[in-house]
Amino acid sequence: MSSTPEAPEAPGEEVAGPAVDEIREGLLVALTAELGDAVVGSEIRDRDLFVRVRPDEWRRAARFCRDRLACDYFSFLSGIDWMPAGSGAASDEAAFEPPTAADEAGDETGDETGDADEAAVPPATTRPSGEQAPALRTDDGRWKTGLAGGDTRFQVFCRLYSTKRHHGITLKADLDDADPRVDSLVPVYRGADWHERECWEMFGFDFAGHDDLRHIYLPGAFEGHPLRKDFPLLAREVKPWPGLVDVEPMPDEAAVPDETPAPAEPTGGGAAE
Amino acid sequence: MTVTEQQRLYVERTAAEARVNVEIETEGMTLNIGPQHPATHGTLRVLVKLDGEQVVEADVVPGYMHRGYEKLTEVRTYPQITTLVNRIDWLSSFANEVPFVLAAETLMEIEAPPRAQWIRTVLFEMGRIGTMCIFLGDMGVQLGAITPVFYGFRDREHVLNLIEAATGGRFHPNYDRIGGLKEDLPKGWIDETKAAMKRIRSFCDQLEELLLGNEIFETRTRGIGVIPPEIGLEFGVSGANIRASGVDWDLRRDEDSPLAWKECDWKVWTHPDGDAFARYWVRLQETREATKIIDQLVDGLPAGPIQAKVPRIIKVPEGEAWVHTENPLGEMGYYIVSQGWLGPFRCKIRSASFSNVSIVPWLLQGVYVPDVITILASLYFILGDIDR
């Protein structure tokens, strides 16, 4: 999926005008010239530039974007957990067989959140914090990743923008599976402060140089990192993914068993949203 | 750095004023504003350490309304997610749906027909007016003028009625669909819209007379909470807040959006001062501009279908897309990672207020307690938009 920086020709399906592409190409060339082989993947798509850099050059890449590529505006920073989900996330055709969907998560080890057939007994392994799931790494060690590629489970990404030239850059960096850690961007963009706090609590990424990593949304005693894919979503444990139509049966309908596909039993306000 | 210099000068000046008469060593005190405080528009907690009347250090504690939308999007299908994102900035709900739907459309490589895009733009701008009416009125209340807020709520009603007539929902329209809209506009809607826009413009005039010329209002907002442009951008402050600092940047004009802003004649207003007054002034002008946009769009509304051809079951092909729009509160965007399922693999929601408020600890240093309220009100955030 990732093209190397040495061959930065745009993917064939480009619809954008050539002039616009030149801008992105120019940005990419400049970044590559500065960072050299620290640019490990890149992609230009839909008049947008995605660049994956080595994590040790994360801060330098951002600083270069700010100082030399006119990216004065810090839009956001967040993370991605590339572990295959299987959280019943309408993830596949299985969702169309509403009631007992033994869903596609079966090809992993199965201790995922939304396995409809096992939902009654949530596996204890991921229960407390969902922090450790080394076994979930699949055979060849590669998961489906996004634009500009990815080699590890965790990826941090941020979005920088130039309010003068109106171009944006998405920077990405692969983080270690066991010890996701990267330099903080706060010295470059002060606005990264809150975003890194959020990312720290939601993904468990550590930002070296950020001296105030504390919870921003969640209560202080919260354990686990909710946006990691192995963190169970309680609402879906209580009531598995119901399929496309997310309605609960009327109370009296549920009482009378009939031929309609037996929906998930009405769990009362199960969805804690 | 010139900016910290600027702020230091301000702090010193205000401190000197306070020191004129008495030189008293006061003991530090921590003042807790919120979570339930009218000035926080919901449940935001602001902790300020005071030295006398001055803020030494401020901390903002969000999260009282965190609903975990980014996690929830992972267990929803694309059409279901518009219901969720409606509730991010609940004063301009429709505007939240738009970037999400656009992002999905980008990945699916479909485009809604022109009529749908125009109606989207109209409702988007109506959301802006609805939001701004609250702001324009509320800012008065925070400074002790009660009347504006009644005017604000009164005239917002006109817009809400129109939104309700078109979408069926006053606050949560859930009207945007991938590839188009839920349904077409009802009969007579356009005439009513034009009448309502006239009323909104006279509302703006009223407020201009009520507040902008008011001496108390000016004294309490001029020079208060100055955001220097480069600092604001570093913090990710966007929308009217940054335009009030002289940054001429509006995604409606500057980004190539499929929506219809390019089809009409309007102006991006900026103000060089960067203070609370400038933010109020810019928003007032933007409300006027929004009425002009709507007027022009409903006049030239193209005929045709409102829904492109999309598969019955919406699956978004593999890929990633980032789409952002100029929402009433600032830059709002969705970074969607799709793996070809019915729902997104990951959906990062970039909401404007989160970044706009993240500057507050910096901004509050050295200000007086009453100005804290002015600054919070002038930054204008919606709690759902901070906490998501």
# chains A, B, ... in the order shown; residues from 1 in each chain; ligands from 1
call {"tool": "closest_atom_pairs", "arguments": {"of": "chain B", "to": "chain A", "cutoff": "6 Å", "atoms": "only C-alpha atoms", "output": "tab-separated table"}}
result
residue	atom	partner	partner_atom	distance
B:Gly63	CA	A:Tyr217	CA	3.9
B:Lys71	CA	A:Leu227	CA	6.0
B:Glu74	CA	A:Ala89	CA	5.6
B:Val75	CA	A:Ala89	CA	3.9
B:Leu233	CA	A:Tyr73	CA	4.7
B:Glu234	CA	A:Tyr189	CA	5.1
B:Phe235	CA	A:Gly191	CA	3.5
B:Gly236	CA	A:Phe74	CA	4.8
B:Trp341	CA	A:Ser91	CA	5.1
B:Leu342	CA	A:Ala90	CA	5.4
B:Gly343	CA	A:Ala90	CA	5.9
call {"tool": "write_last_selection", "arguments": {"atoms": "C-alpha atoms", "output": "PDB file, in the first residue's frame"}}
result
ATOM      1  CA  GLY B  63     -14.620  15.401  30.318  1.00  0.00           C
ATOM      2  CA  LYS B  71     -15.246   4.311  20.159  1.00  0.00           C
ATOM      3  CA  GLU B  74     -16.475   1.694  15.524  1.00  0.00           C
ATOM      4  CA  VAL B  75     -19.610  -0.262  16.341  1.00  0.00           C
ATOM      5  CA  LEU B 233      -2.802  28.805  15.272  1.00  0.00           C
ATOM      6  CA  GLU B 234      -0.281  26.810  17.252  1.00  0.00           C
ATOM      7  CA  PHE B 235      -3.025  25.886  19.671  1.00  0.00           C
ATOM      8  CA  GLY B 236      -5.297  24.944  16.818  1.00  0.00           C
ATOM      9  CA  TRP B 341     -16.809  -2.632   6.180  1.00  0.00           C
ATOM     10  CA  LEU B 342     -20.212  -1.327   7.009  1.00  0.00           C
ATOM     11  CA  GLY B 343     -18.715   0.937   9.604  1.00  0.00           C
TER      12      GLY B 343
END
call {"tool": "residues_around", "arguments": {"residues": "range 362-365 of chain B", "least_positions_apart": "5", "cutoff": "10 Å", "atoms": "only C-alpha atoms", "output": "list in words"}}
result
Arg190 of chain A; Gln7, Arg8, Val11, Val48, Lys49, Leu50, Gln54, Val55, Val56, Glu57, Ala58, Asp59, Ile224, Gly225, Val226, Ile227, Ile231, Gly232, Phe235, Val357, Asp371, Val372, Ile375 and Leu376 of chain B
call {"tool": "residues_around", "arguments": {"residues": "Leu136 in chain B", "least_positions_apart": "2", "cutoff": "9 Å", "atoms": "only C-alpha atoms", "output": "list in words"}}
result
Thr131, Met132, Cys133, Ile134, Asp138, Met139, Gly140, Pro148, Val149, Gly152, Cys204, Leu207, Tyr280, Arg283 and Leu284 of chain B
call {"tool": "atom_distance", "arguments": {"atom1": "CA of Phe354 in chain B", "atom2": "CA of Asp385 in chain B"}}
result
6.6 Å
call {"tool": "select_by_dssp", "arguments": {"residues": "range 138-346 of chain B", "states": "helix (DSSP H, G or I)", "output": "PyMOL selection string"}}
result
chain B and resi 138-142+147-167+189-212+215-221+229-234+240-243+251-254+260-263+276-299
call {"tool": "residues_around", "arguments": {"residues": "range 289-296 of chain B", "least_positions_apart": "5", "cutoff": "6 Å", "atoms": "only C-alpha atoms", "output": "number ranges by chain"}}
result
B: 122, 125, 197
call {"tool": "write_last_selection", "arguments": {"atoms": "N, CA and C atoms", "output": "JSON list (two decimals), in the first residue's frame"}}
result
[["chain", "number", "residue", "atom", "x", "y", "z"],
["B", 122, "VAL", "N", -27.33, 25.42, 2.61],
["B", 122, "VAL", "CA", -28.32, 26.29, 3.25],
["B", 122, "VAL", "C", -28.50, 25.88, 4.70],
["B", 125, "GLU", "N", -25.55, 26.68, 6.90],
["B", 125, "GLU", "CA", -25.50, 28.09, 7.32],
["B", 125, "GLU", "C", -26.61, 28.42, 8.31],
["B", 197, "MET", "N", -34.63, 35.25, 7.13],
["B", 197, "MET", "CA", -33.31, 35.86, 7.00],
["B", 197, "MET", "C", -33.38, 37.37, 7.21]]
call {"tool": "residues_around", "arguments": {"residues": "Pro186 in chain B", "least_positions_apart": "6", "cutoff": "12 Å", "atoms": "only C-alpha atoms", "output": "PDB file with N, CA and C atoms, in the first residue's frame"}}
result
ATOM      1  N   ILE B 119     -28.789  22.471  -0.799  1.00  0.00           N
ATOM      2  CA  ILE B 119     -29.619  22.433   0.409  1.00  0.00           C
ATOM      3  C   ILE B 119     -28.746  22.178   1.631  1.00  0.00           C
ATOM      4  N   LEU B 162     -37.481  26.522  10.669  1.00  0.00           N
ATOM      5  CA  LEU B 162     -37.185  26.160   9.282  1.00  0.00           C
ATOM      6  C   LEU B 162     -36.449  24.828   9.224  1.00  0.00           C
ATOM      7  N   ILE B 163     -35.499  24.664  10.125  1.00  0.00           N
ATOM      8  CA  ILE B 163     -34.766  23.402  10.128  1.00  0.00           C
ATOM      9  C   ILE B 163     -35.725  22.255  10.427  1.00  0.00           C
ATOM     10  N   GLU B 164     -36.629  22.509  11.352  1.00  0.00           N
ATOM     11  CA  GLU B 164     -37.586  21.462  11.695  1.00  0.00           C
ATOM     12  C   GLU B 164     -38.500  21.149  10.509  1.00  0.00           C
ATOM     13  N   ALA B 165     -38.918  22.199   9.824  1.00  0.00           N
ATOM     14  CA  ALA B 165     -39.809  21.984   8.688  1.00  0.00           C
ATOM     15  C   ALA B 165     -39.128  21.139   7.615  1.00  0.00           C
ATOM     16  N   ALA B 166     -37.864  21.382   7.411  1.00  0.00           N
ATOM     17  CA  ALA B 166     -37.176  20.655   6.342  1.00  0.00           C
ATOM     18  C   ALA B 166     -36.763  19.258   6.787  1.00  0.00           C
ATOM     19  N   THR B 167     -36.338  19.115   8.022  1.00  0.00           N
ATOM     20  CA  THR B 167     -35.696  17.864   8.414  1.00  0.00           C
ATOM     21  C   THR B 167     -36.519  17.029   9.370  1.00  0.00           C
ATOM     22  N   GLY B 168     -37.434  17.672  10.085  1.00  0.00           N
ATOM     23  CA  GLY B 168     -38.205  16.924  11.061  1.00  0.00           C
ATOM     24  C   GLY B 168     -37.625  17.016  12.459  1.00  0.00           C
ATOM     25  N   GLU B 192     -40.510  31.340   3.335  1.00  0.00           N
ATOM     26  CA  GLU B 192     -40.346  31.534   4.775  1.00  0.00           C
ATOM     27  C   GLU B 192     -38.893  31.780   5.135  1.00  0.00           C
ATOM     28  N   THR B 193     -38.023  31.098   4.403  1.00  0.00           N
ATOM     29  CA  THR B 193     -36.604  31.297   4.672  1.00  0.00           C
ATOM     30  C   THR B 193     -36.207  32.739   4.436  1.00  0.00           C
TER      31      THR B 193
END
call {"tool": "atom_distance", "arguments": {"atom1": "CA of Asp250 in chain B", "atom2": "CA of Pro361 in chain B"}}
result
25.4 Å
call {"tool": "select_by_dssp", "arguments": {"residues": "range 130-263 of chain B", "states": "strand (DSSP E or B)", "output": "PyMOL selection string"}}
result
chain B and resi 176-177+180-181
call {"tool": "write_last_selection", "arguments": {"atoms": "N, CA and C atoms", "output": "CSV table (one decimal), in the first residue's frame"}}
result
chain,number,residue,atom,x,y,z
B,176,ASP,N,-28.8,14.4,6.7
B,176,ASP,CA,-27.8,14.2,5.7
B,176,ASP,C,-27.6,12.7,5.4
B,177,ARG,N,-27.6,12.3,4.2
B,177,ARG,CA,-27.4,10.9,3.8
B,177,ARG,C,-26.1,10.8,2.9
B,180,GLY,N,-26.6,12.2,-0.6
B,180,GLY,CA,-27.7,13.1,-0.8
B,180,GLY,C,-28.4,13.5,0.5
B,181,LEU,N,-29.7,13.6,0.5
B,181,LEU,CA,-30.4,14.1,1.6
B,181,LEU,C,-31.6,13.1,1.9
call {"tool": "atom_distance", "arguments": {"atom1": "CA of Gly42 in chain B", "atom2": "CA of Val369 in chain B"}}
result
19.3 Å
call {"tool": "closest_residue", "arguments": {"among": "A:Met83, A:Leu171, A:Cys65, A:Val29", "to": "Val53 in chain A", "atoms": "only C-alpha atoms"}}
result
A:Leu171
call {"tool": "closest_atom_pairs", "arguments": {"of": "range 108-171 of chain B", "to": "range 85-95 of chain B", "cutoff": "7 Å", "atoms": "only C-alpha atoms", "output": "CSV"}}
result
residue,atom,partner,partner_atom,distance
B:Leu123,CA,B:Phe94,CA,6.9
B:Phe124,CA,B:Ala95,CA,4.9
B:Gly127,CA,B:Ser92,CA,4.2
B:Arg128,CA,B:Ser92,CA,6.2
B:Gly130,CA,B:Leu91,CA,6.6
B:Thr131,CA,B:Leu91,CA,5.3
B:Phe171,CA,B:Ser93,CA,6.4
call {"tool": "write_last_selection", "arguments": {"atoms": "N, CA and C atoms", "output": "PDB file, in the first residue's frame"}}
result
ATOM      1  N   LEU B 123     -28.670  24.576   4.930  1.00  0.00           N
ATOM      2  CA  LEU B 123     -28.907  24.136   6.304  1.00  0.00           C
ATOM      3  C   LEU B 123     -27.662  24.297   7.168  1.00  0.00           C
ATOM      4  N   PHE B 124     -26.530  24.120   6.546  1.00  0.00           N
ATOM      5  CA  PHE B 124     -25.268  24.333   7.256  1.00  0.00           C
ATOM      6  C   PHE B 124     -25.216  25.761   7.785  1.00  0.00           C
ATOM      7  N   GLY B 127     -27.560  26.364  10.567  1.00  0.00           N
ATOM      8  CA  GLY B 127     -26.966  25.921  11.830  1.00  0.00           C
ATOM      9  C   GLY B 127     -26.045  26.991  12.378  1.00  0.00           C
ATOM     10  N   ARG B 128     -25.313  27.621  11.484  1.00  0.00           N
ATOM     11  CA  ARG B 128     -24.409  28.688  11.929  1.00  0.00           C
ATOM     12  C   ARG B 128     -25.203  29.821  12.569  1.00  0.00           C
ATOM     13  N   GLY B 130     -28.152  29.671  13.920  1.00  0.00           N
ATOM     14  CA  GLY B 130     -28.695  29.214  15.194  1.00  0.00           C
ATOM     15  C   GLY B 130     -27.654  29.295  16.299  1.00  0.00           C
ATOM     16  N   THR B 131     -26.440  28.856  15.985  1.00  0.00           N
ATOM     17  CA  THR B 131     -25.377  28.887  16.982  1.00  0.00           C
ATOM     18  C   THR B 131     -25.021  30.317  17.345  1.00  0.00           C
ATOM     19  N   PHE B 171     -33.337  20.054  16.780  1.00  0.00           N
ATOM     20  CA  PHE B 171     -31.954  20.092  17.236  1.00  0.00           C
ATOM     21  C   PHE B 171     -31.092  19.037  16.567  1.00  0.00           C
TER      22      PHE B 171
END
